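Visitor: Pasting final.cif below, which is mmCIF, C-alpha atoms.
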```
data_my_file
#
loop_
_atom_site.label_atom_id
_atom_site.label_comp_id
_atom_site.auth_asym_id
_atom_site.auth_seq_id
_atom_site.Cartn_x
_atom_site.Cartn_y
_atom_site.Cartn_z
CA MET A 5 36.79 -38.15 3.05
CA ARG A 6 35.02 -35.26 4.81
CA SER A 7 32.68 -34.68 1.84
CA ILE A 8 31.75 -38.40 1.73
CA TYR A 9 31.00 -38.22 5.46
CA ASN A 10 28.81 -35.12 4.92
CA LEU A 11 26.94 -36.80 2.07
CA PHE A 12 26.34 -39.90 4.21
CA ILE A 13 24.90 -37.75 7.02
CA GLN A 14 22.55 -35.92 4.61
CA LEU A 15 21.32 -39.13 2.99
CA SER A 16 20.70 -40.80 6.33
CA LEU A 17 18.49 -37.90 7.41
CA ILE A 18 16.08 -38.41 4.48
CA PRO A 19 14.29 -41.52 5.92
CA LEU A 20 13.81 -39.72 9.21
CA ILE A 21 12.20 -36.75 7.50
CA VAL A 22 9.98 -38.94 5.31
CA ALA A 23 8.91 -41.20 8.20
CA CYS A 24 7.78 -38.30 10.39
CA GLY A 25 4.48 -38.07 8.45
CA THR A 26 2.11 -35.16 8.00
CA PRO A 27 0.28 -33.84 11.04
CA ALA A 28 -3.47 -33.46 10.60
CA HIS A 29 -4.46 -30.02 9.32
CA ARG A 30 -7.46 -28.39 7.70
CA ILE A 31 -7.53 -27.81 3.98
CA ASP A 32 -9.92 -26.07 1.63
CA SER A 33 -12.81 -28.37 0.65
CA ASP A 34 -12.96 -26.52 -2.68
CA GLY A 35 -9.20 -26.42 -3.09
CA THR A 36 -6.53 -28.25 -5.04
CA GLU A 37 -4.94 -30.25 -2.22
CA LEU A 38 -7.67 -32.87 -1.92
CA ILE A 39 -6.98 -36.55 -2.31
CA THR A 40 -7.96 -37.91 -5.72
CA THR A 41 -9.03 -41.54 -5.69
CA VAL A 42 -9.66 -43.80 -8.63
CA GLY A 43 -12.32 -46.10 -7.26
CA GLN A 44 -14.81 -43.71 -5.67
CA VAL A 45 -16.49 -40.38 -6.12
CA ASP A 46 -14.53 -37.67 -4.33
CA ILE A 47 -15.89 -34.44 -2.93
CA GLN A 48 -14.32 -32.46 -5.75
CA ASP A 49 -16.03 -34.73 -8.30
CA PHE A 50 -19.42 -33.73 -6.91
CA SER A 51 -18.41 -30.05 -7.14
CA GLU A 52 -17.28 -30.44 -10.75
CA ALA A 53 -20.35 -32.40 -11.84
CA ALA A 54 -22.75 -30.01 -10.13
CA ALA A 55 -21.05 -26.96 -11.62
CA LYS A 56 -21.21 -28.38 -15.14
CA LEU A 57 -24.81 -29.53 -14.82
CA ILE A 58 -25.89 -26.13 -13.52
CA GLN A 59 -24.05 -24.46 -16.40
CA GLU A 60 -25.83 -26.64 -18.94
CA MET A 61 -29.17 -26.12 -17.24
CA THR A 62 -28.76 -22.35 -17.11
CA THR A 63 -27.50 -22.07 -20.69
CA SER A 64 -30.52 -23.99 -21.98
CA GLY A 65 -32.78 -21.15 -20.84
CA VAL A 66 -35.26 -23.47 -19.16
CA PHE A 67 -35.76 -20.89 -16.39
CA ALA A 68 -35.52 -17.82 -18.63
CA GLU A 69 -39.18 -16.87 -18.25
CA TYR A 70 -38.96 -16.92 -14.46
CA SER A 71 -37.78 -14.14 -12.18
CA SER A 72 -37.60 -13.17 -8.53
CA LYS A 73 -41.27 -12.12 -8.77
CA LYS A 74 -42.42 -15.29 -10.50
CA LYS A 75 -40.34 -18.26 -9.44
CA ALA A 76 -40.41 -21.80 -10.70
CA VAL A 77 -41.03 -24.46 -8.05
CA LEU A 78 -38.78 -27.49 -8.22
CA GLY A 79 -39.65 -30.85 -6.70
CA ILE A 80 -36.98 -33.45 -6.07
CA SER A 81 -37.98 -36.78 -7.54
CA ARG A 82 -36.06 -40.01 -7.93
CA ILE A 83 -32.29 -39.71 -7.41
CA PHE A 84 -30.61 -43.04 -8.04
CA ASN A 85 -27.03 -44.04 -7.23
CA ASP A 86 -26.19 -46.97 -9.53
CA THR A 87 -22.50 -47.13 -8.61
CA THR A 88 -20.52 -49.42 -6.35
CA ASP A 89 -19.66 -46.42 -4.18
CA GLN A 90 -22.16 -45.91 -1.37
CA PHE A 91 -22.56 -42.16 -1.01
CA ASP A 92 -25.43 -39.88 -0.11
CA THR A 93 -26.84 -38.40 -3.31
CA ASP A 94 -27.45 -35.15 -1.44
CA LEU A 95 -23.74 -34.48 -1.90
CA LEU A 96 -24.67 -33.64 -5.49
CA ILE A 97 -28.32 -32.61 -5.24
CA LYS A 98 -27.83 -30.07 -2.47
CA LYS A 99 -25.26 -28.22 -4.60
CA ILE A 100 -27.75 -28.15 -7.48
CA ARG A 101 -30.49 -26.84 -5.19
CA VAL A 102 -28.30 -24.15 -3.66
CA ALA A 103 -27.19 -22.92 -7.10
CA LEU A 104 -30.79 -22.79 -8.38
CA LEU A 105 -31.94 -20.94 -5.28
CA HIS A 106 -29.10 -18.45 -5.63
CA SER A 107 -30.25 -17.71 -9.17
CA GLY A 108 -33.37 -16.11 -7.70
CA LYS A 109 -35.60 -17.84 -10.25
CA VAL A 110 -36.29 -21.15 -8.54
CA GLU A 111 -37.67 -22.33 -5.22
CA VAL A 112 -37.33 -25.91 -4.08
CA SER A 113 -40.30 -27.63 -2.49
CA THR A 114 -39.51 -29.25 0.84
CA THR A 115 -43.11 -30.21 1.54
CA ILE A 116 -43.82 -32.23 -1.58
CA GLY A 117 -41.66 -35.28 -2.02
CA LEU A 118 -41.50 -38.62 -3.77
CA GLY A 119 -44.17 -40.99 -2.48
CA GLY A 120 -45.77 -38.17 -0.52
CA LYS A 121 -42.82 -38.05 1.86
CA ALA A 122 -41.97 -34.46 2.69
CA GLU A 123 -38.35 -33.47 3.25
CA ASP A 124 -39.53 -31.17 6.05
CA PRO A 125 -42.54 -32.74 7.82
CA LEU A 126 -43.01 -29.77 10.13
CA ALA A 127 -43.16 -27.34 7.22
CA LYS A 128 -45.68 -29.62 5.53
CA SER A 129 -47.88 -29.73 8.61
CA ALA A 130 -47.74 -25.95 8.94
CA LYS A 131 -48.58 -25.54 5.25
CA ASP A 132 -51.50 -27.96 5.52
CA ILE A 133 -52.90 -26.12 8.55
CA GLU A 134 -52.54 -22.75 6.83
CA GLU A 135 -54.27 -24.00 3.71
CA PHE A 136 -57.07 -25.55 5.75
CA GLN A 137 -57.64 -22.42 7.80
CA SER A 138 -57.51 -20.11 4.83
CA GLY A 139 -59.82 -22.36 2.85
CA LYS A 140 -57.34 -22.65 -0.01
CA GLY A 141 -58.25 -26.26 0.17
CA ASN A 142 -57.18 -28.92 -2.19
CA GLY A 143 -53.37 -28.57 -1.95
CA LEU A 144 -52.83 -27.86 -5.62
CA LEU A 145 -51.17 -24.57 -4.74
CA GLY A 146 -47.40 -24.82 -4.56
CA MET A 147 -47.22 -27.93 -6.76
CA PRO A 148 -43.86 -28.13 -8.46
CA THR A 149 -43.44 -26.56 -11.86
CA PHE A 150 -40.56 -28.90 -12.57
CA THR A 151 -39.29 -32.13 -11.05
CA LEU A 152 -35.66 -33.20 -10.91
CA THR A 153 -34.50 -36.76 -11.42
CA CYS A 154 -30.96 -38.02 -11.52
CA LYS A 155 -29.09 -41.25 -12.10
CA ILE A 156 -25.41 -41.79 -11.33
CA LEU A 157 -23.63 -44.55 -13.22
CA GLU A 158 -20.17 -46.04 -13.09
CA VAL A 159 -17.98 -47.45 -15.85
CA ARG A 160 -14.71 -49.15 -14.91
CA ALA A 161 -11.74 -50.21 -17.00
CA SER A 162 -8.22 -51.34 -16.34
CA ALA A 163 -5.00 -51.89 -18.29
CA GLY A 164 -2.35 -53.67 -16.29
CA ASP A 165 -1.91 -51.83 -13.03
CA THR A 166 -3.69 -48.72 -14.32
CA LYS A 167 -7.31 -48.41 -13.29
CA GLN A 168 -9.89 -46.03 -14.75
CA SER A 169 -13.27 -45.10 -13.33
CA SER A 170 -15.88 -42.93 -15.00
CA PHE A 171 -18.78 -41.62 -12.96
CA VAL A 172 -21.61 -40.43 -15.19
CA PHE A 173 -24.20 -38.02 -13.77
CA GLN A 174 -27.44 -37.97 -15.78
CA MET A 175 -30.03 -35.40 -14.82
CA THR A 176 -33.53 -34.54 -16.12
CA LEU A 177 -35.91 -31.64 -15.53
CA THR A 178 -39.51 -32.56 -16.25
CA ASN A 179 -42.25 -30.01 -16.82
CA THR A 180 -45.16 -31.17 -14.65
CA LYS A 181 -47.76 -29.48 -16.86
CA THR A 182 -46.77 -31.37 -19.99
CA GLY A 183 -45.14 -34.42 -18.43
CA ASN A 184 -42.21 -34.00 -20.83
CA SER A 185 -38.56 -33.30 -20.11
CA SER A 186 -37.65 -29.64 -20.48
CA TRP A 187 -33.94 -30.21 -20.03
CA GLU A 188 -31.59 -33.15 -19.88
CA GLY A 189 -27.89 -33.14 -19.14
CA GLU A 190 -25.05 -35.59 -18.69
CA VAL A 191 -21.63 -35.04 -17.18
CA ALA A 192 -18.87 -37.62 -16.83
CA VAL A 193 -15.99 -37.42 -14.37
CA THR A 194 -13.19 -39.81 -15.31
CA LYS A 195 -10.18 -40.65 -13.21
CA GLN A 196 -7.22 -42.85 -14.04
CA GLY A 197 -4.20 -44.02 -12.12
CA THR A 198 -2.41 -46.84 -10.35
CA LYS A 199 -2.91 -45.36 -6.88
CA ASN A 200 -4.62 -42.51 -5.07
CA ALA A 201 -2.88 -39.14 -5.04
CA ILE A 202 -3.01 -35.74 -3.37
CA GLY A 203 -4.06 -32.93 -5.69
CA PHE A 204 -5.61 -33.03 -9.10
CA MET B 780 33.11 -34.70 -5.99
CA ILE B 781 30.37 -32.06 -5.75
CA SER B 782 31.03 -29.28 -3.27
CA PRO B 783 28.54 -28.71 -0.42
CA ILE B 784 27.80 -25.24 -1.77
CA CYS B 785 26.77 -26.65 -5.16
CA LYS B 786 24.54 -29.22 -3.49
CA LEU B 787 22.94 -26.48 -1.41
CA ILE B 788 22.28 -24.39 -4.50
CA VAL B 789 20.76 -27.33 -6.39
CA CYS B 790 18.53 -28.24 -3.45
CA ASN B 791 17.31 -24.66 -3.11
CA VAL B 792 16.57 -24.39 -6.84
CA ILE B 793 14.53 -27.60 -6.71
CA TRP B 794 12.68 -26.37 -3.61
CA ILE B 795 11.92 -23.01 -5.22
CA CYS B 796 10.64 -24.64 -8.41
CA THR B 797 8.29 -26.99 -6.55
CA ALA B 798 7.13 -24.50 -3.92
CA CYS B 799 6.30 -21.60 -6.25
CA ASN B 800 2.87 -22.75 -7.41
CA THR B 801 1.43 -19.27 -7.43
CA VAL B 802 -1.85 -18.27 -9.03
CA ASN B 803 -2.25 -16.39 -12.32
CA SER B 804 -5.34 -14.19 -12.60
CA VAL B 805 -7.38 -12.77 -15.46
CA VAL B 806 -9.87 -9.92 -15.12
CA PRO B 807 -12.00 -8.21 -17.76
CA VAL B 808 -11.18 -4.67 -18.80
CA PRO B 809 -14.01 -2.63 -20.33
CA ASN B 810 -13.14 -1.52 -23.84
CA GLY B 811 -16.47 -0.34 -25.15
CA GLN B 812 -17.01 -3.50 -27.21
CA PRO B 813 -20.02 -5.37 -25.83
CA GLY B 814 -19.51 -9.09 -25.95
CA SER B 815 -15.75 -8.91 -26.34
CA PRO B 816 -14.24 -7.14 -23.35
CA GLY B 817 -10.55 -6.61 -23.06
CA PHE B 818 -8.77 -8.52 -20.37
CA GLN B 819 -5.75 -8.18 -18.15
CA GLN B 820 -3.57 -11.09 -17.09
CA VAL B 821 -1.64 -10.98 -13.85
CA VAL B 822 1.12 -13.54 -14.34
CA THR B 823 2.96 -14.66 -11.21
CA ASN B 824 3.79 -18.12 -12.53
CA GLY B 825 5.51 -17.87 -15.89
CA TRP B 826 5.63 -21.63 -16.44
CA LEU B 827 1.85 -21.88 -15.98
CA ASN B 828 1.37 -19.07 -18.48
CA TYR B 829 3.04 -21.17 -21.18
CA LYS B 830 0.58 -24.00 -20.81
CA ALA B 831 -2.51 -21.96 -19.91
CA ASN B 832 -2.33 -18.63 -21.69
CA VAL B 833 -5.59 -16.70 -22.07
CA THR B 834 -5.96 -15.50 -25.63
CA ASP B 835 -9.58 -14.35 -25.92
CA VAL B 836 -12.61 -13.43 -23.83
CA HIS B 837 -16.28 -13.31 -24.82
CA GLU B 838 -19.36 -12.41 -22.80
CA ASP B 839 -23.09 -12.70 -23.34
CA VAL B 840 -26.30 -13.10 -21.32
CA VAL B 841 -28.15 -16.38 -20.82
CA ASN B 842 -31.29 -17.43 -18.99
CA GLY B 843 -32.66 -13.94 -19.41
CA ASP B 844 -30.34 -12.04 -17.09
CA GLN B 845 -27.27 -14.05 -16.13
CA LYS B 846 -23.90 -13.11 -17.57
CA ARG B 847 -21.86 -15.84 -19.23
CA VAL B 848 -18.16 -15.66 -19.96
CA GLN B 849 -16.09 -17.82 -22.28
CA VAL B 850 -12.32 -17.66 -22.08
CA SER B 851 -10.00 -19.19 -24.68
CA VAL B 852 -6.87 -20.78 -23.25
CA TYR B 853 -3.88 -21.90 -25.33
CA SER B 854 -0.99 -24.23 -24.53
CA ASN B 855 2.25 -23.90 -26.45
CA GLN B 856 3.71 -27.01 -24.89
CA SER B 857 4.67 -30.18 -26.76
CA ARG B 858 3.05 -32.52 -24.22
CA ALA B 859 -0.39 -32.74 -22.65
CA GLN B 860 -0.66 -30.60 -19.53
CA SER B 861 -3.04 -30.09 -16.63
CA PHE B 862 -4.01 -27.01 -14.70
CA SER B 863 -6.69 -25.96 -12.25
CA TYR B 864 -8.99 -23.00 -12.61
CA ARG B 865 -11.94 -21.30 -11.01
CA PHE B 866 -14.14 -18.31 -11.77
CA GLU B 867 -15.06 -15.90 -9.00
CA TRP B 868 -18.03 -13.61 -9.51
CA LEU B 869 -18.38 -10.14 -8.06
CA ASN B 870 -21.31 -7.75 -7.87
CA ALA B 871 -21.30 -4.11 -8.96
CA GLY B 872 -19.85 -3.12 -5.61
CA GLY B 873 -16.91 -5.51 -5.99
CA MET B 874 -18.27 -7.90 -3.35
CA HIS B 875 -17.84 -11.61 -3.93
CA VAL B 876 -21.03 -13.47 -4.85
CA ASP B 877 -21.10 -17.11 -3.77
CA SER B 878 -21.16 -19.40 -6.75
CA ILE B 879 -21.03 -23.10 -7.47
CA GLY B 880 -18.00 -22.26 -9.61
CA ASP B 881 -15.96 -21.20 -6.56
CA ALA B 882 -14.52 -24.72 -6.33
CA TRP B 883 -11.32 -25.34 -8.24
CA GLN B 884 -11.72 -27.51 -11.33
CA THR B 885 -9.08 -29.42 -13.18
CA GLN B 886 -8.57 -29.20 -16.92
CA ARG B 887 -6.46 -31.19 -19.32
CA ILE B 888 -5.03 -29.41 -22.37
CA MET B 889 -3.36 -31.09 -25.33
CA PRO B 890 -0.18 -29.77 -27.01
CA GLN B 891 -0.80 -26.60 -29.03
CA GLU B 892 -4.51 -26.79 -28.23
CA THR B 893 -6.93 -23.95 -27.55
CA ILE B 894 -9.74 -24.83 -25.17
CA ILE B 895 -12.73 -22.88 -23.89
CA LEU B 896 -13.43 -22.32 -20.21
CA ASN B 897 -17.01 -21.31 -19.39
CA SER B 898 -18.71 -19.78 -16.43
CA ILE B 899 -22.17 -18.42 -15.79
CA ALA B 900 -22.91 -15.82 -13.15
CA PRO B 901 -24.82 -17.27 -10.16
CA ASN B 902 -27.49 -14.57 -10.49
CA SER B 903 -28.21 -11.24 -12.17
CA ALA B 904 -26.42 -9.29 -9.42
CA ALA B 905 -23.06 -10.80 -10.34
CA SER B 906 -21.78 -8.45 -13.00
CA THR B 907 -18.06 -9.09 -13.22
CA TRP B 908 -15.71 -12.00 -12.84
CA ARG B 909 -12.15 -13.03 -12.11
CA LEU B 910 -10.49 -16.15 -13.48
CA GLN B 911 -7.77 -17.79 -11.39
CA LEU B 912 -5.39 -20.39 -12.81
CA GLN B 913 -3.08 -22.68 -10.88
CA ASP B 914 -0.60 -25.34 -11.91
CA THR B 915 -1.25 -28.97 -11.01
CA ASN B 916 1.12 -31.80 -10.23
CA ASN B 917 0.74 -33.71 -13.48
#
```
Kindly transcribe the structure held in the file into structure tokens.
Guide:
Amino acid sequence: MRSIYNLFIQLSLIPLIVACGTPAHRIDSDGTELITTVGQVDIQDFSEAAAKLIQEMTTSGVFAEYSSKKKAVLGISRIFNDTTDQFDTDLLIKKIRVALLHSGKVEVSTTIGLGGKAEDPLAKSAKDIEEFQSGKGNGLLGMPTFTLTCKILEVRASAGDTKQSSFVFQMTLTNTKTGNSSWEGEVAVTKQGTKNAIGF
Amino acid sequence: MISPICKLIVCNVIWICTACNTVNSVVPVPNGQPGSPGFQQVVTNGWLNYKANVTDVHEDVVNGDQKRVQVSVYSNQSRAQSFSYRFEWLNAGGMHVDSIGDAWQTQRIMPQETIILNSIAPNSAASTWRLQLQDTNN
């Protein structure tokens, strides 16, 4: 009788413990405790896609002839999000840029942008003034050696309650001298489940 | 009827099994063979080591001056498994070099399969690496 009473007390405590919830706390943005969703691109998906694209880009040797003394200049061209998830494409592109800069072989142009729109207008103005005063003139200096384009696609499938989403990141490096692509890469991040979960 | 002591022991065993998700590490050990360094595994999670056991390490240089490492990982399990991994890169002084590979990545491994994990050094200053492996929930 006493053991049944003890068991009843223990079981009745379980709902109380579960219902208390988890207080808000900070976690590692690069860690393994992040929420994994099925229907959208998560922060860890951007990290994984960027890491794989950088690996493919580096392995191809496209920047092999460049060094810290002679760097390639990269211009950011059209980056297109063709998914149903509205996210800022800089979540991917900034990681790519940081990795390329860290390699010591690439600089990213912030004064030459798509449609003539500079990422940093103040830097562009300062560069224009410097070129004008020094007589360097026609602005051909500092033109990108390569341009980066990217398209992000989404493919969805479902089987009963199980949903699957694949986010495909397609990236191209174009050599501005030849107008041809020097490197192309594609990475897919696929997630499947009936509901969101914490952790991988 | 189960005694309270038995219940307590069972609960503690379950708690220990779920809470002990410690990290296994792999570091290269110079052995005089360029391209195929020796390696040392630090196993703190024996269960993880069954499904993600490092069997081979190869190194080369890509992009002119960046080190690349490829690690072979084998699972002796009879069902598909998942684990997380990341490569950390260090310079000659043992200081950590920030890398896009610092974020944990997930990997699926089929029964009795050997897969390859790759990493490329972020720059020419990163000369050595450390692989960390962690179990995942599913």
Visitor: Write out as a Markdown table a residue-level contact list of chain B versus chain A with cut-off 9 Å: for each qualifying residue the closest pair of atoms and the distance in Å to one decimal, counting all atoms listed in the file, rows sorted by chain and residue number upward.
Guide:
```
| residue | atom | partner | partner_atom | distance |
| --- | --- | --- | --- | --- |
| B:Met780 | CA | A:Ser7 | CA | 7.8 |
| B:Ile781 | CA | A:Ser7 | CA | 8.4 |
| B:Ser782 | CA | A:Ser7 | CA | 7.6 |
| B:Pro783 | CA | A:Ser7 | CA | 7.6 |
| B:Val841 | CA | A:Thr63 | CA | 5.7 |
| B:Asn842 | CA | A:Ala68 | CA | 4.3 |
| B:Gly843 | CA | A:Ala68 | CA | 4.9 |
| B:Asp844 | CA | A:Ala68 | CA | 7.9 |
| B:Gln845 | CA | A:Ser107 | CA | 8.4 |
| B:Arg847 | CA | A:Thr63 | CA | 8.5 |
| B:Ser861 | CA | A:Phe204 | CA | 8.5 |
| B:Phe862 | CA | A:Phe204 | CA | 8.4 |
| B:Ser863 | CA | A:Thr36 | CA | 7.6 |
| B:Asp877 | CA | A:His106 | CA | 8.3 |
| B:Ser878 | CA | A:Ala103 | CA | 7.0 |
| B:Ile879 | CA | A:Ala55 | CA | 5.7 |
| B:Gly880 | CA | A:Ala55 | CA | 6.0 |
| B:Asp881 | CA | A:Asp34 | CA | 7.2 |
| B:Ala882 | CA | A:Asp34 | CA | 4.4 |
| B:Trp883 | CA | A:Gly35 | CA | 5.7 |
| B:Gln884 | CA | A:Glu52 | CA | 6.3 |
| B:Thr885 | CA | A:Phe204 | CA | 6.5 |
| B:Asn897 | CA | A:Gln59 | CA | 8.3 |
| B:Ser898 | CA | A:Gln59 | CA | 7.1 |
| B:Ile899 | CA | A:Gln59 | CA | 6.4 |
| B:Ala900 | CA | A:Ser107 | CA | 8.6 |
| B:Pro901 | CA | A:Ser107 | CA | 5.5 |
| B:Asn902 | CA | A:Ser107 | CA | 4.4 |
| B:Ser903 | CA | A:Ser107 | CA | 7.4 |
| B:Gln913 | CA | A:Thr36 | CA | 8.8 |
| B:Thr915 | CA | A:Phe204 | CA | 6.3 |
| B:Asn916 | CA | A:Phe204 | CA | 6.9 |
| B:Asn917 | CA | A:Phe204 | CA | 7.7 |
```
Visitor: Please write as a PyMOL selection string the full residue list that the PyMOL selection byres ((chain B and resi 826) around 12) yields on this file.
Guide: chain B and resi 796-797+799-803+822-825+827-832+854-856+860+862+912-915
Visitor: I need the residue set behind the PyMOL selection byres ((chain B and resi 909) around 7) for this file; please write it as a ChimeraX atom specification.
Guide: /B:804-806,866-868,908,910-911
Visitor: Just how far from CA of Arg865 (chain B) is CA of Gln849 (chain B), in Å to one decimal?
Guide: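 Taking CA of Gln849 (chain B) as the start and CA of Arg865 (chain B) as the end point, the length is 12.5 Å.
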Visitor: Would you write out, as a PyMOL selection string, every residue that the PyMOL selection byres ((chain A and resi 148) around 10) captures in this file?
Guide: chain A and resi 76-80+111-113+116-117+144-147+149-152+178-181
Visitor: Would you mind telling me which residue in B:Gln891, B:Asp839, B:Ser906, B:Val850 lies nearest to Gly872 (chain B) when using only C-alpha atoms?
Guide: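 That would be B:Ser906, the residue with the smallest distance to Gly872 (chain B).
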Visitor: So what do you get for CA of Asn184 (chain A) versus CA of Val110 (chain A), distance-wise?
Guide: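 For CA of Asn184 (chain A) relative to CA of Val110 (chain A), the distance reads 18.7 Å.
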Visitor: Show me the residues around (-29.0, -34.8, -17.0) - criterion: an atom at most 10 Å away, all atoms listed in the file counted - as a list of chain:residue names.
Guide: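 Residues close enough to count: A:Leu57, A:Ile58, A:Glu60, A:Met61, A:Leu152, A:Thr153, A:Cys154, A:Lys155, A:Ile156, A:Val172, A:Phe173, A:Gln174, A:Met175, A:Thr176, A:Leu177, A:Trp187, A:Glu188, A:Gly189, A:Glu190, A:Val191.
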Visitor: One decimal, Å: what's the distance from CA of Asn85 (chain A) over to CA of Phe171 (chain A), could you say?
Guide: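 Answer for the CA of Asn85 (chain A) to CA of Phe171 (chain A) separation: 10.3 Å.
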Visitor: Which residues are close to Ser170 (chain A), i.e. within 6 Å by only C-alpha atoms, leaving aside same-chain residues fewer than 6 positions away? Reply as a PyMOL selection string.
Guide: chain A and resi 158-159+193-194
